[in-house]
file target_24.txt (compact mmCIF, C-alpha atoms)
# COMPACT_ATOMS: atom_id res chain seq x y z
CA MET Z 1 -5.05 3.87 18.34
CA ILE Z 2 -2.04 1.95 17.20
CA ASN Z 3 -2.47 -0.23 14.16
CA TYR Z 4 -0.51 -3.40 13.90
CA PRO Z 5 0.68 -4.96 10.66
CA ASN Z 6 -1.51 -7.90 9.67
CA GLY Z 7 -1.11 -10.82 11.98
CA SER Z 8 1.88 -9.35 13.73
CA LYS Z 9 0.23 -8.62 17.04
CA PRO Z 10 1.59 -11.11 19.53
CA LYS Z 11 -0.83 -12.86 21.85
CA LYS Z 12 0.56 -11.39 25.02
CA GLN Z 13 -0.18 -7.90 23.71
CA THR Z 14 -3.87 -8.47 23.01
CA THR Z 15 -5.01 -7.14 26.37
CA LYS Z 16 -3.22 -3.84 25.84
CA VAL Z 17 -5.70 -1.08 25.09
CA PRO Z 18 -4.83 2.62 24.80
CA SER Z 19 -5.63 4.19 28.16
CA LYS Z 20 -8.23 6.61 26.83
CA ARG Z 21 -10.34 3.63 25.81
CA LYS Z 22 -10.31 1.97 29.21
CA ASN Z 23 -13.42 3.81 30.37
CA ILE Z 24 -15.65 2.48 27.61
CA THR Z 25 -17.31 -0.86 27.57
CA LYS Z 26 -15.22 -3.75 26.42
CA SER Z 27 -17.68 -4.75 23.72
CA ALA Z 28 -17.61 -1.29 22.13
CA ALA Z 29 -13.82 -1.23 22.24
CA ASN Z 30 -13.70 -4.64 20.62
CA ARG Z 31 -16.17 -3.57 18.00
CA GLY Z 32 -14.14 -0.43 17.24
CA MET Z 33 -10.94 -2.41 16.94
CA ALA Z 34 -12.71 -5.00 14.89
CA LEU Z 35 -13.60 -2.69 11.98
CA GLU Z 36 -10.29 -3.22 10.22
CA LYS Z 37 -10.63 -6.96 10.68
CA LEU Z 38 -14.19 -6.94 9.33
CA ILE Z 39 -12.97 -5.12 6.23
CA SER Z 40 -10.05 -7.49 5.78
CA ALA Z 41 -12.43 -10.45 6.14
CA ALA Z 42 -14.67 -8.96 3.44
CA ASN Z 43 -11.60 -8.37 1.26
CA ASP Z 44 -10.60 -12.01 1.69
CA TYR Z 45 -14.10 -13.00 0.60
CA TYR Z 46 -14.03 -10.70 -2.45
CA LEU Z 47 -10.66 -12.09 -3.48
CA MET Z 48 -11.68 -15.71 -2.93
CA HIS Z 49 -14.83 -15.25 -5.00
CA ASP Z 50 -13.08 -13.32 -7.77
CA ILE Z 51 -15.07 -10.16 -7.09
CA ALA Z 52 -12.33 -7.64 -6.35
CA LEU Z 53 -8.81 -7.23 -5.00
CA PHE Z 54 -8.36 -4.84 -2.09
CA THR Z 55 -5.31 -4.85 0.15
CA LYS Z 56 -4.37 -3.12 3.36
CA ARG Z 57 -1.33 -0.92 3.28
CA PRO Z 58 1.17 -1.95 5.94
CA THR Z 59 1.43 0.42 8.88
CA PRO Z 60 4.33 2.78 8.19
CA ILE Z 61 7.06 2.44 10.77
CA ASN Z 62 9.99 4.77 11.20
CA VAL Z 63 13.02 2.57 11.83
CA VAL Z 64 15.69 4.25 13.96
CA LYS Z 65 18.03 1.42 14.85
CA ILE Z 66 18.77 -2.06 13.54
CA ASP Z 67 20.93 -4.66 15.23
CA TYR Z 68 22.59 -6.50 12.36
CA ALA Z 69 24.39 -8.84 14.74
CA LYS Z 70 20.99 -10.29 15.64
CA GLY Z 71 19.74 -10.92 12.09
CA ALA Z 72 18.53 -7.40 11.30
CA LYS Z 73 16.49 -7.10 14.47
CA ILE Z 74 14.84 -3.69 14.77
CA THR Z 75 15.55 -2.40 18.27
CA ASN Z 76 14.26 1.15 18.00
CA ALA Z 77 11.35 2.28 15.87
CA TYR Z 78 8.12 4.26 16.01
CA PHE Z 79 4.72 4.04 14.38
CA GLU Z 80 4.18 6.80 11.83
CA LYS Z 81 0.94 8.42 10.81
CA GLN Z 82 -0.39 6.93 7.59
CA SER Z 83 0.10 9.65 4.97
CA THR Z 84 -2.28 8.01 2.54
CA THR Z 85 -5.13 5.64 3.45
CA ASP Z 86 -5.57 2.17 4.91
CA PHE Z 87 -6.84 0.32 1.85
CA ASN Z 88 -6.65 0.37 -1.91
CA GLY Z 89 -7.15 -2.00 -4.78
CA VAL Z 90 -8.99 -2.82 -7.96
CA TYR Z 91 -12.56 -3.65 -8.93
CA LYS Z 92 -13.40 -4.09 -12.63
CA ASN Z 93 -10.28 -2.23 -13.79
CA ARG Z 94 -11.04 0.73 -11.52
CA TYR Z 95 -8.76 1.99 -8.78
CA PHE Z 96 -10.30 2.04 -5.29
CA ASP Z 97 -8.89 3.90 -2.31
CA PHE Z 98 -10.53 4.08 1.08
CA GLU Z 99 -10.18 4.70 4.77
CA ALA Z 100 -12.02 3.08 7.69
CA LYS Z 101 -12.99 5.01 10.79
CA SER Z 102 -15.04 4.29 13.86
CA THR Z 103 -16.82 6.59 16.28
CA ARG Z 104 -18.65 6.07 19.55
CA LEU Z 105 -20.59 9.31 19.17
CA LYS Z 106 -24.28 9.19 18.30
CA THR Z 107 -24.82 12.54 16.63
CA SER Z 108 -21.74 13.10 14.49
CA PHE Z 109 -18.45 11.77 13.18
CA PRO Z 110 -15.51 13.92 14.37
CA LEU Z 111 -13.05 14.97 11.67
CA ASN Z 112 -10.08 15.42 13.98
CA ASN Z 113 -8.79 11.91 13.38
CA ILE Z 114 -8.47 12.47 9.66
CA TYR Z 115 -5.15 13.99 8.70
CA GLU Z 116 -4.55 16.75 6.15
CA HIS Z 117 -2.21 14.35 4.29
CA GLN Z 118 -5.02 11.85 3.87
CA ILE Z 119 -7.41 14.49 2.57
CA THR Z 120 -4.81 15.65 0.03
CA HIS Z 121 -4.19 12.06 -1.00
CA LEU Z 122 -7.91 11.44 -1.55
CA GLU Z 123 -8.22 14.65 -3.57
CA ASN Z 124 -5.47 13.29 -5.80
CA VAL Z 125 -7.21 9.93 -6.09
CA ILE Z 126 -10.44 11.63 -7.21
CA ARG Z 127 -8.61 13.81 -9.73
CA HIS Z 128 -7.12 10.71 -11.34
CA GLY Z 129 -10.45 8.95 -11.59
CA GLY Z 130 -10.19 6.64 -8.61
CA ILE Z 131 -13.16 5.60 -6.46
CA ALA Z 132 -12.48 7.21 -3.09
CA PHE Z 133 -14.59 6.74 0.03
CA PHE Z 134 -14.78 6.23 3.76
CA ILE Z 135 -16.33 3.36 5.67
CA VAL Z 136 -17.52 4.88 8.94
CA GLU Z 137 -18.77 2.83 11.85
CA PHE Z 138 -21.18 4.22 14.42
CA THR Z 139 -20.57 1.74 17.21
CA ALA Z 140 -23.55 2.99 19.24
CA PHE Z 141 -25.93 1.82 16.50
CA ASP Z 142 -23.83 -0.99 15.07
CA GLU Z 143 -24.16 0.81 11.73
CA TYR Z 144 -21.59 1.16 8.96
CA TYR Z 145 -21.89 3.79 6.24
CA VAL Z 146 -20.06 4.25 2.98
CA LEU Z 147 -19.60 7.97 2.31
CA SER Z 148 -17.77 9.35 -0.72
CA ALA Z 149 -14.42 10.97 -0.01
CA ALA Z 150 -15.70 13.94 -2.01
CA ASP Z 151 -18.38 14.51 0.64
CA VAL Z 152 -15.92 14.08 3.50
CA ILE Z 153 -13.52 16.49 1.81
CA ASP Z 154 -16.36 18.99 1.37
CA PHE Z 155 -17.05 18.91 5.12
CA TYR Z 156 -13.33 19.06 5.89
CA ARG Z 157 -12.50 21.91 3.52
CA ASN Z 158 -15.64 24.01 3.48
CA GLY Z 159 -17.43 23.41 6.74
CA ASP Z 160 -16.69 25.50 9.81
CA ARG Z 161 -17.73 22.50 11.83
CA LYS Z 162 -15.35 19.88 13.05
CA SER Z 163 -17.55 16.91 12.41
CA ILE Z 164 -20.01 15.36 9.97
CA PRO Z 165 -23.56 15.06 11.35
CA TYR Z 166 -24.94 11.55 11.69
CA ALA Z 167 -27.91 12.72 9.58
CA SER Z 168 -25.56 13.48 6.68
CA PHE Z 169 -24.50 9.85 6.56
CA LYS Z 170 -28.15 8.87 6.22
CA GLU Z 171 -28.68 11.53 3.56
CA LYS Z 172 -25.49 11.28 1.46
CA GLY Z 173 -24.08 7.88 2.35
CA VAL Z 174 -25.20 4.31 1.89
CA LEU Z 175 -25.80 2.01 4.85
CA VAL Z 176 -23.95 -1.30 4.62
CA ARG Z 177 -26.30 -4.27 4.97
CA LEU Z 178 -24.68 -6.65 7.41
CA GLY Z 179 -24.55 -10.29 6.43
CA LEU Z 180 -23.16 -13.57 7.57
CA ASN Z 181 -20.31 -14.06 5.12
CA PRO Z 182 -18.87 -11.57 4.78
CA VAL Z 183 -20.30 -9.76 7.80
CA LEU Z 184 -19.35 -6.33 6.49
CA ASP Z 185 -20.30 -6.75 2.83
CA TYR Z 186 -19.49 -3.13 1.97
CA LEU Z 187 -18.88 -3.43 -1.77
CA PRO Z 188 -22.59 -3.36 -2.82
CA ALA Z 189 -22.93 -0.08 -0.90
CA VAL Z 190 -19.94 1.36 -2.79
CA ILE Z 191 -21.35 0.17 -6.12
CA LYS Z 192 -24.70 1.80 -5.31
CA LEU Z 193 -23.13 5.06 -4.09
CA PHE Z 194 -20.96 5.49 -7.19
CA ASN Z 195 -23.40 3.94 -9.68
CA LEU Z 196 -20.78 1.41 -10.76
CA MET G 1 18.44 -6.28 0.68
CA ILE G 2 16.53 -4.60 3.42
CA ASN G 3 14.12 -1.91 2.37
CA TYR G 4 13.57 1.02 4.64
CA PRO G 5 10.35 2.98 4.91
CA ASN G 6 10.61 6.28 3.05
CA GLY G 7 13.01 8.67 4.64
CA SER G 8 13.41 6.59 7.75
CA LYS G 9 16.96 5.48 7.16
CA PRO G 10 19.14 7.30 9.65
CA LYS G 11 22.31 8.98 8.37
CA LYS G 12 24.68 6.86 10.38
CA GLN G 13 23.34 3.74 8.67
CA THR G 14 23.97 4.89 5.12
CA THR G 15 27.34 3.20 4.83
CA LYS G 16 25.87 -0.19 5.72
CA VAL G 17 25.76 -2.41 2.68
CA PRO G 18 24.83 -6.10 2.69
CA SER G 19 28.09 -8.04 2.73
CA LYS G 20 27.49 -9.81 -0.58
CA ARG G 21 27.51 -6.42 -2.29
CA LYS G 22 30.86 -5.34 -0.90
CA ASN G 23 32.78 -6.84 -3.79
CA ILE G 24 31.04 -4.82 -6.47
CA THR G 25 31.85 -1.30 -7.43
CA LYS G 26 30.34 1.39 -5.30
CA SER G 27 28.67 3.09 -8.23
CA ALA G 28 26.82 -0.07 -9.24
CA ALA G 29 25.70 -0.66 -5.66
CA ASN G 30 24.49 2.90 -5.43
CA ARG G 31 22.71 2.57 -8.73
CA GLY G 32 21.01 -0.64 -7.58
CA MET G 33 19.88 0.90 -4.34
CA ALA G 34 18.79 3.99 -6.20
CA LEU G 35 16.12 2.28 -8.32
CA GLU G 36 13.40 2.70 -5.73
CA LYS G 37 14.37 6.33 -5.29
CA LEU G 38 14.32 6.92 -9.05
CA ILE G 39 10.81 5.50 -9.22
CA SER G 40 9.65 7.56 -6.25
CA ALA G 41 11.13 10.68 -7.89
CA ALA G 42 9.22 9.89 -11.09
CA ASN G 43 6.06 9.32 -9.04
CA ASP G 44 6.53 12.72 -7.38
CA TYR G 45 6.84 14.25 -10.85
CA TYR G 46 3.71 12.49 -12.15
CA LEU G 47 1.74 13.63 -9.12
CA MET G 48 3.02 17.20 -9.31
CA HIS G 49 2.12 17.41 -12.99
CA ASP G 50 -1.28 15.78 -12.57
CA ILE G 51 -0.31 12.80 -14.71
CA ALA G 52 -0.85 9.90 -12.32
CA LEU G 53 -0.85 8.88 -8.66
CA PHE G 54 1.43 6.04 -7.68
CA THR G 55 2.47 5.34 -4.10
CA LYS G 56 4.94 3.02 -2.45
CA ARG G 57 3.57 0.54 0.01
CA PRO G 58 5.32 0.84 3.36
CA THR G 59 7.73 -1.99 4.17
CA PRO G 60 5.82 -4.52 6.27
CA ILE G 61 7.33 -4.92 9.70
CA ASN G 62 6.46 -7.62 12.21
CA VAL G 63 6.23 -5.89 15.58
CA VAL G 64 7.08 -8.19 18.49
CA LYS G 65 7.42 -5.80 21.42
CA ILE G 66 6.32 -2.26 22.23
CA ASP G 67 7.45 -0.22 25.20
CA TYR G 68 4.40 1.88 26.09
CA ALA G 69 6.26 3.58 28.94
CA LYS G 70 8.44 5.23 26.28
CA GLY G 71 5.66 6.55 24.07
CA ALA G 72 4.93 3.37 22.13
CA LYS G 73 8.57 2.78 21.23
CA ILE G 74 9.02 -0.42 19.24
CA THR G 75 11.88 -2.32 20.85
CA ASN G 76 11.70 -5.62 18.99
CA ALA G 77 10.61 -6.06 15.39
CA TYR G 78 11.62 -7.67 12.13
CA PHE G 79 11.32 -6.81 8.45
CA GLU G 80 8.81 -9.04 6.67
CA LYS G 81 8.80 -10.10 3.06
CA GLN G 82 6.41 -7.97 1.02
CA SER G 83 3.49 -10.26 0.21
CA THR G 84 2.22 -8.00 -2.54
CA THR G 85 4.32 -5.50 -4.52
CA ASP G 86 6.21 -2.28 -3.91
CA PHE G 87 4.01 0.17 -5.79
CA ASN G 88 0.43 0.69 -6.84
CA GLY G 89 -1.81 3.54 -7.87
CA VAL G 90 -4.05 5.05 -10.50
CA TYR G 91 -3.63 6.41 -14.02
CA LYS G 92 -6.74 7.54 -15.92
CA ASN G 93 -9.10 5.54 -13.68
CA ARG G 94 -7.06 2.36 -14.13
CA TYR G 95 -5.43 0.45 -11.32
CA PHE G 96 -1.65 0.00 -11.62
CA ASP G 97 0.43 -2.46 -9.63
CA PHE G 98 4.14 -2.98 -10.08
CA GLU G 99 7.38 -4.22 -8.65
CA ALA G 100 10.93 -2.88 -9.15
CA LYS G 101 13.93 -5.16 -9.35
CA SER G 102 17.58 -4.72 -10.14
CA THR G 103 20.20 -7.15 -11.38
CA ARG G 104 23.95 -6.96 -11.94
CA LEU G 105 23.89 -9.86 -14.38
CA LYS G 106 24.37 -9.19 -18.09
CA THR G 107 22.63 -12.15 -19.66
CA SER G 108 19.50 -12.70 -17.58
CA PHE G 109 17.30 -11.57 -14.73
CA PRO G 110 17.16 -14.19 -11.94
CA LEU G 111 13.68 -15.08 -10.71
CA ASN G 112 14.75 -16.22 -7.26
CA ASN G 113 14.14 -12.84 -5.68
CA ILE G 114 10.49 -12.82 -6.69
CA TYR G 115 8.27 -14.53 -4.15
CA GLU G 116 5.38 -16.88 -4.86
CA HIS G 117 3.12 -14.50 -2.91
CA GLN G 118 3.97 -11.67 -5.27
CA ILE G 119 3.27 -13.79 -8.34
CA THR G 120 -0.11 -14.82 -6.92
CA HIS G 121 -0.88 -11.20 -6.12
CA LEU G 122 -0.04 -10.09 -9.66
CA GLU G 123 -2.17 -12.88 -11.12
CA ASN G 124 -5.06 -11.51 -9.07
CA VAL G 125 -4.35 -7.96 -10.26
CA ILE G 126 -4.47 -9.08 -13.88
CA ARG G 127 -7.70 -11.04 -13.35
CA HIS G 128 -9.37 -7.90 -12.00
CA GLY G 129 -8.24 -5.76 -14.91
CA GLY G 130 -5.30 -4.00 -13.32
CA ILE G 131 -2.16 -2.99 -15.22
CA ALA G 132 0.58 -5.18 -13.74
CA PHE G 133 4.25 -4.97 -14.63
CA PHE G 134 7.87 -5.05 -13.50
CA ILE G 135 10.50 -2.36 -13.87
CA VAL G 136 13.79 -4.24 -14.15
CA GLU G 137 17.17 -2.54 -14.03
CA PHE G 138 20.24 -4.05 -15.68
CA THR G 139 22.90 -2.11 -13.81
CA ALA G 140 25.68 -3.33 -16.13
CA PHE G 141 24.07 -1.49 -19.05
CA ASP G 142 22.32 1.28 -17.11
CA GLU G 143 19.14 0.06 -18.78
CA TYR G 144 15.63 -0.13 -17.36
CA TYR G 145 12.90 -2.25 -18.93
CA VAL G 146 9.18 -2.38 -18.36
CA LEU G 147 7.97 -5.96 -18.74
CA SER G 148 4.37 -7.05 -18.23
CA ALA G 149 3.70 -9.12 -15.14
CA ALA G 150 1.93 -11.58 -17.46
CA ASP G 151 5.27 -12.27 -19.19
CA VAL G 152 7.14 -12.57 -15.90
CA ILE G 153 4.45 -14.95 -14.59
CA ASP G 154 4.75 -17.00 -17.78
CA PHE G 155 8.49 -17.43 -17.20
CA TYR G 156 7.91 -18.12 -13.50
CA ARG G 157 5.10 -20.65 -13.95
CA ASN G 158 5.93 -22.34 -17.23
CA GLY G 159 9.64 -22.09 -17.73
CA ASP G 160 12.00 -24.69 -16.35
CA ARG G 161 14.60 -21.94 -16.21
CA LYS G 162 15.20 -19.84 -13.17
CA SER G 163 15.70 -16.57 -14.96
CA ILE G 164 14.44 -14.41 -17.80
CA PRO G 165 16.98 -13.93 -20.61
CA TYR G 166 18.16 -10.39 -21.23
CA ALA G 167 17.08 -10.86 -24.86
CA SER G 168 13.48 -11.41 -23.73
CA PHE G 169 13.41 -7.94 -22.22
CA LYS G 170 14.46 -6.52 -25.58
CA GLU G 171 11.87 -8.64 -27.34
CA LYS G 172 8.84 -8.43 -25.05
CA GLY G 173 9.56 -5.39 -22.89
CA VAL G 174 9.93 -1.68 -23.52
CA LEU G 175 13.15 0.16 -22.75
CA VAL G 176 12.67 3.24 -20.57
CA ARG G 177 14.13 6.35 -22.17
CA LEU G 178 16.14 8.12 -19.49
CA GLY G 179 15.58 11.84 -19.11
CA LEU G 180 16.53 14.73 -16.91
CA ASN G 181 13.32 15.26 -14.97
CA PRO G 182 12.22 12.71 -14.13
CA VAL G 183 15.33 10.62 -14.78
CA LEU G 184 13.40 7.36 -14.88
CA ASP G 185 10.36 8.45 -16.89
CA TYR G 186 8.87 4.96 -16.98
CA LEU G 187 5.20 5.78 -17.59
CA PRO G 188 5.50 6.29 -21.39
CA ALA G 189 7.04 2.81 -21.61
CA VAL G 190 4.09 1.36 -19.68
CA ILE G 191 1.59 3.22 -21.88
CA LYS G 192 3.32 1.85 -24.97
CA LEU G 193 3.57 -1.71 -23.65
CA PHE G 194 -0.11 -1.89 -22.71
CA ASN G 195 -1.43 0.31 -25.55
CA LEU G 196 -3.07 2.67 -23.05
call {"tool": "encode", "arguments": {"input": "target_24.txt", "output": "structure tokens"}}
result
Amino acid sequence: MINYPNGSKPKKQTTKVPSKRKNITKSAANRGMALEKLISAANDYYLMHDIALFTKRPTPINVVKIDYAKGAKITNAYFEKQSTTDFNGVYKNRYFDFEAKSTRLKTSFPLNNIYEHQITHLENVIRHGGIAFFIVEFTAFDEYYVLSAADVIDFYRNGDRKSIPYASFKEKGVLVRLGLNPVLDYLPAVIKLFNL
Amino acid sequence: MINYPNGSKPKKQTTKVPSKRKNITKSAANRGMALEKLISAANDYYLMHDIALFTKRPTPINVVKIDYAKGAKITNAYFEKQSTTDFNGVYKNRYFDFEAKSTRLKTSFPLNNIYEHQITHLENVIRHGGIAFFIVEFTAFDEYYVLSAADVIDFYRNGDRKSIPYASFKEKGVLVRLGLNPVLDYLPAVIKLFNL
């Protein structure tokens, strides 16, 4: 799925959905696409209430051609894979780094949409004392789990399986309690998971 | 000056220099443009030697039009102003957030290329316990100073002047000792400035 820089998605593009998603229900697709927005809304809340500062990294774009005659208009460019993660920031002096993923499956979270670069990056974050984790949405259950990057890396590096069982999220992760404002109040789950 | 995402600048564009820079010597222009690269080279060194993890935020780009028939080719987009800062990361658990700027002036560093958004962001970083600073290059002297964001904010918010005197960098900042590898070994200056 293509990620757009914050607020840059023009209205006329909002009906565009990657073709492989066309066969799923609209509500599930919306929910999946909404994860990043739910996190950004929570981040806005945390910032507004002086709780923490988390920001989304802009989507990396490979610029091929610029038309300087038209005020530096980019006329040829491609989306790049994020080599790090979607979000990072600071809570009580500590560095936070995390990635958000969504799955429609009911029994496991597939690891094939996590890139080797991201795993390496998260290993580096952990080595330097950062708080590294994933927020994973199971759209079928409307559930969101915080799972430590260390656990995800363990499955990625040491498992012969290509996914993390749903049961492992219940066992090793912390379920995010959904609220009204913010809806996805994920920080208490992170604090509990890491004993912060 | 337009910033390009890492490694995305095509070869044929490398001779393009903003017109206002054409009247300065080529070496100074190169040096100015090189600051970001010097920092990234230092960051590579710190990562390689397990000292710290600092990454550059991708340049935010406002995507207006995508041609899906050509494999999601972006055909109309514009560079956006960075609403946060260029770099952030982690050193010994602590969150770091910093911006790099270069000036050709000999007597002061002009504040007009720092945006209100960036100042607000750095104020938030400080409030949440992050280490926030600027790396400022005086190309005329081939000198690089680390100055706390708190000091820059003080000049920005409370001064009636539109620049920070060169003397203030000597007084309040720490000069980066240039080396061979990495050339711009800025971290010791940060450690000294913040007593880390």
call {"tool": "interface_residues", "arguments": {"input": "target_24.txt", "of": "chain Z", "to": "chain G", "cutoff": "6 Å", "atoms": "only C-alpha atoms", "output": "list in words"}}
result
Ser8, Pro58, Pro60, Asn62, Val63, Lys73, Ile74, Thr75, Asn76, Ala77, Tyr78, Val90, Lys92, Asn93, Arg94, Tyr95, His128, Gly129 and Gly130 of chain Z
call {"tool": "atom_distance", "arguments": {"input": "target_24.txt", "atom1": "CA of Leu187 in chain G", "atom2": "CA of Asn43 in chain Z"}}
result
28.9 Å
call {"tool": "residues_around", "arguments": {"input": "target_24.txt", "residues": "Ala189 in chain G", "least_positions_apart": "6", "cutoff": "10 Å", "atoms": "all atoms listed in the file", "output": "list in words"}}
result
Ile135, Tyr145, Val146, Leu147, Gly173, Val174, Leu175, Val176, Arg177 and Asn195 of chain G
call {"tool": "atom_distance", "arguments": {"input": "target_24.txt", "atom1": "CA of Leu180 in chain G", "atom2": "CA of Ser102 in chain G"}}
result
20.6 Å
call {"tool": "residues_around", "arguments": {"input": "target_24.txt", "residues": "range 153-164 of chain G", "least_positions_apart": "3", "cutoff": "6 Å", "atoms": "all atoms listed in the file", "output": "list in words"}}
result
Ser108, Phe109, Pro110, Leu111, Ala149 and Ala150 of chain G
call {"tool": "closest_residue", "arguments": {"input": "target_24.txt", "among": "Z:Pro165, Z:Lys106, Z:Asp151, Z:Leu38", "to": "Gly179 in chain Z", "atoms": "only C-alpha atoms"}}
result
Z:Leu38
call {"tool": "atom_distance", "arguments": {"input": "target_24.txt", "atom1": "CA of Ala140 in chain Z", "atom2": "CA of Arg104 in chain Z"}}
result
5.8 Å
call {"tool": "residues_near_point", "arguments": {"input": "target_24.txt", "point": "(1.8, -3.2, -8.6)", "cutoff": "7 Å", "atoms": "all atoms listed in the file", "output": "list in words"}}
result
Thr85, Asp86, Phe87, Asn88, Phe96, Asp97, Phe98, Glu99, Ala132 and Phe133 of chain G
call {"tool": "axis_aligned_box", "arguments": {"input": "target_24.txt", "around": "range 139-147 of chain G", "padding_each_side": "5 Å", "output": "JSON"}}
result
{"center_x": 16.8, "center_y": -2.3, "center_z": -16.4, "size_x": 27.7, "size_y": 17.2, "size_z": 15.2}
call {"tool": "residues_around", "arguments": {"input": "target_24.txt", "residues": "Val183 in chain Z", "least_positions_apart": "5", "cutoff": "12 Å", "atoms": "all atoms listed in the file", "output": "MDAnalysis selection string"}}
result
chainID Z and resid 34:35 37:45 142:144 176:178
call {"tool": "closest_residue", "arguments": {"input": "target_24.txt", "among": "Z:Phe138, Z:Tyr186, Z:Tyr115, Z:Phe194", "to": "Lys172 in chain Z", "atoms": "only C-alpha atoms"}}
result
Z:Phe194
call {"tool": "closest_residue", "arguments": {"input": "target_24.txt", "among": "Z:Thr139, Z:Ser148, Z:Asn181, Z:Asn113", "to": "Lys81 in chain Z", "atoms": "all atoms listed in the file"}}
result
Z:Asn113
